Amino acid sequence: MRTAAMLLGVIGGLFAMLVGFFSYGYTEIASSHAAFAETFGAVENADLIRAASFLAPLFAIAGGAMAISRALWGGILLLVASGLIYYAFGFGVFTMFPIGFCLTAGLLAIAAGRPDEPKAHF
């Protein structure tokens, strides 16, 4: 279970990184070019988008990497990453896989506390 949590967390973090690159770039272009913002729409809370573009992939990849040795901490980071992606970007075509992978990885990491090792995190 811990290995599955690690793989899903890292893959979800990489997908979240792609979403973050494009979202951060969109907020930068919209804030610096008024014509772009008028044509394609301005962003209401650009600071939230920028923070989530950086923090969500970071939490997901770190949580996935920690899932083998520290399953509880890794699981919490993965759940926070999936919640942050959902809160900042919503649920759509490009965010459903990062949210799903991080949420599943977080649940697997937290559930893997007792059976894998005699020293559990609970």
# chains A, B, ... in the order shown; residues from 1 in each chain; ligands from 1
>>> residues_around(residues="stretch 99-108 of chain A", least_positions_apart="3", cutoff="10 Å", atoms="only C-alpha atoms", output="PyMOL selection string")
chain A and resi 1-13+15-16+56-57+59-61+63-64+67+71-86+90-92+94-96+111-113
>>> residues_around(residues="A:Ser31", least_positions_apart="6", cutoff="10 Å", atoms="only C-alpha atoms", output="number ranges by chain")
A: 25, 37, 42-43, 46
>>> write_last_selection(atoms="C-alpha atoms", output="PDB file, in the first residue's frame")
ATOM      1  CA  GLY A  25       1.571  31.615 -16.485  1.00  0.00           C
ATOM      2  CA  ALA A  37      -7.328  39.844 -19.637  1.00  0.00           C
ATOM      3  CA  ALA A  42      -9.178  38.105 -15.687  1.00  0.00           C
ATOM      4  CA  VAL A  43      -8.448  35.992 -12.620  1.00  0.00           C
ATOM      5  CA  ALA A  46      -4.429  35.456  -8.600  1.00  0.00           C
TER       6      ALA A  46
END
>>> select_by_dssp(residues="chain A", states="helix (DSSP H, G or I)", output="ChimeraX atom specification")
/A:2-32,34-40,46-66,71-89,96-111
>>> closest_residue(among="A:Ile110, A:Ala30, A:Leu58, A:Ala65", to="A:Asn45", atoms="only C-alpha atoms")
A:Ala30
>>> atom_distance(atom1="atom CA of A:Ser69", atom2="atom CA of A:Phe21")
29.2 Å
>>> decode(residues="stretch 31-53 of chain A", atoms="N, CA, C and O atoms", output="CSV table (one decimal), in the first residue's frame")
chain,number,residue,atom,x,y,z
A,31,SER,N,-2.2,39.6,-15.7
A,31,SER,CA,-2.0,40.7,-14.9
A,31,SER,C,-1.1,41.8,-15.6
A,31,SER,O,-1.1,43.0,-15.3
A,32,SER,N,-0.3,41.3,-16.6
A,32,SER,CA,0.6,42.2,-17.2
A,32,SER,C,0.1,42.8,-18.6
A,32,SER,O,0.6,43.8,-19.0
A,33,HIS,N,-0.9,42.1,-19.2
A,33,HIS,CA,-1.4,42.5,-20.4
A,33,HIS,C,-2.9,42.7,-20.3
A,33,HIS,O,-3.7,41.7,-20.2
A,34,ALA,N,-3.4,43.9,-20.3
A,34,ALA,CA,-4.8,44.2,-20.1
A,34,ALA,C,-5.6,43.7,-21.3
A,34,ALA,O,-6.8,43.2,-21.1
A,35,ALA,N,-5.1,43.7,-22.5
A,35,ALA,CA,-5.9,43.2,-23.7
A,35,ALA,C,-6.1,41.7,-23.5
A,35,ALA,O,-7.2,41.2,-23.9
A,36,PHE,N,-5.1,41.0,-23.0
A,36,PHE,CA,-5.3,39.5,-22.8
A,36,PHE,C,-6.4,39.3,-21.8
A,36,PHE,O,-7.2,38.4,-22.0
A,37,ALA,N,-6.3,40.0,-20.7
A,37,ALA,CA,-7.3,39.8,-19.6
A,37,ALA,C,-8.7,40.2,-20.1
A,37,ALA,O,-9.7,39.6,-19.7
A,38,GLU,N,-8.8,41.2,-21.0
A,38,GLU,CA,-10.2,41.5,-21.5
A,38,GLU,C,-10.7,40.5,-22.5
A,38,GLU,O,-11.9,40.2,-22.5
A,39,THR,N,-9.8,39.9,-23.3
A,39,THR,CA,-10.2,38.9,-24.3
A,39,THR,C,-10.5,37.6,-23.6
A,39,THR,O,-11.6,37.0,-23.9
A,40,PHE,N,-9.6,37.1,-22.8
A,40,PHE,CA,-9.8,35.7,-22.2
A,40,PHE,C,-10.3,35.7,-20.8
A,40,PHE,O,-10.6,34.6,-20.3
A,41,GLY,N,-10.4,36.8,-20.1
A,41,GLY,CA,-10.9,36.9,-18.8
A,41,GLY,C,-9.8,37.0,-17.7
A,41,GLY,O,-8.8,36.4,-17.8
A,42,ALA,N,-10.1,37.9,-16.8
A,42,ALA,CA,-9.2,38.1,-15.7
A,42,ALA,C,-9.4,37.1,-14.6
A,42,ALA,O,-10.4,36.4,-14.5
A,43,VAL,N,-8.4,36.9,-13.7
A,43,VAL,CA,-8.4,36.0,-12.6
A,43,VAL,C,-8.8,36.8,-11.4
A,43,VAL,O,-8.3,37.8,-11.1
A,44,GLU,N,-9.8,36.2,-10.6
A,44,GLU,CA,-10.3,37.0,-9.4
A,44,GLU,C,-9.3,36.9,-8.3
A,44,GLU,O,-9.0,37.9,-7.7
A,45,ASN,N,-8.7,35.8,-8.0
A,45,ASN,CA,-7.8,35.6,-6.9
A,45,ASN,C,-6.5,35.1,-7.4
A,45,ASN,O,-6.2,33.9,-7.2
A,46,ALA,N,-5.7,35.9,-8.0
A,46,ALA,CA,-4.4,35.5,-8.6
A,46,ALA,C,-3.4,34.9,-7.6
A,46,ALA,O,-2.7,34.0,-7.8
A,47,ASP,N,-3.4,35.5,-6.4
A,47,ASP,CA,-2.5,35.1,-5.4
A,47,ASP,C,-2.8,33.7,-4.9
A,47,ASP,O,-1.8,32.9,-4.7
A,48,LEU,N,-4.0,33.3,-4.8
A,48,LEU,CA,-4.4,31.9,-4.4
A,48,LEU,C,-3.9,31.0,-5.5
A,48,LEU,O,-3.4,29.9,-5.2
A,49,ILE,N,-4.2,31.3,-6.8
A,49,ILE,CA,-3.8,30.5,-7.9
A,49,ILE,C,-2.2,30.3,-7.9
A,49,ILE,O,-1.7,29.2,-8.1
A,50,ARG,N,-1.5,31.4,-7.7
A,50,ARG,CA,-0.1,31.3,-7.7
A,50,ARG,C,0.5,30.5,-6.6
A,50,ARG,O,1.4,29.7,-6.7
A,51,ALA,N,-0.1,30.6,-5.4
A,51,ALA,CA,0.4,29.9,-4.2
A,51,ALA,C,0.0,28.4,-4.4
A,51,ALA,O,0.9,27.5,-4.1
A,52,ALA,N,-1.2,28.1,-4.9
A,52,ALA,CA,-1.5,26.7,-5.1
A,52,ALA,C,-0.7,26.1,-6.2
A,52,ALA,O,-0.4,24.9,-6.2
A,53,SER,N,-0.4,26.8,-7.2
A,53,SER,CA,0.4,26.3,-8.3
A,53,SER,C,1.8,25.9,-7.9
A,53,SER,O,2.4,25.0,-8.4
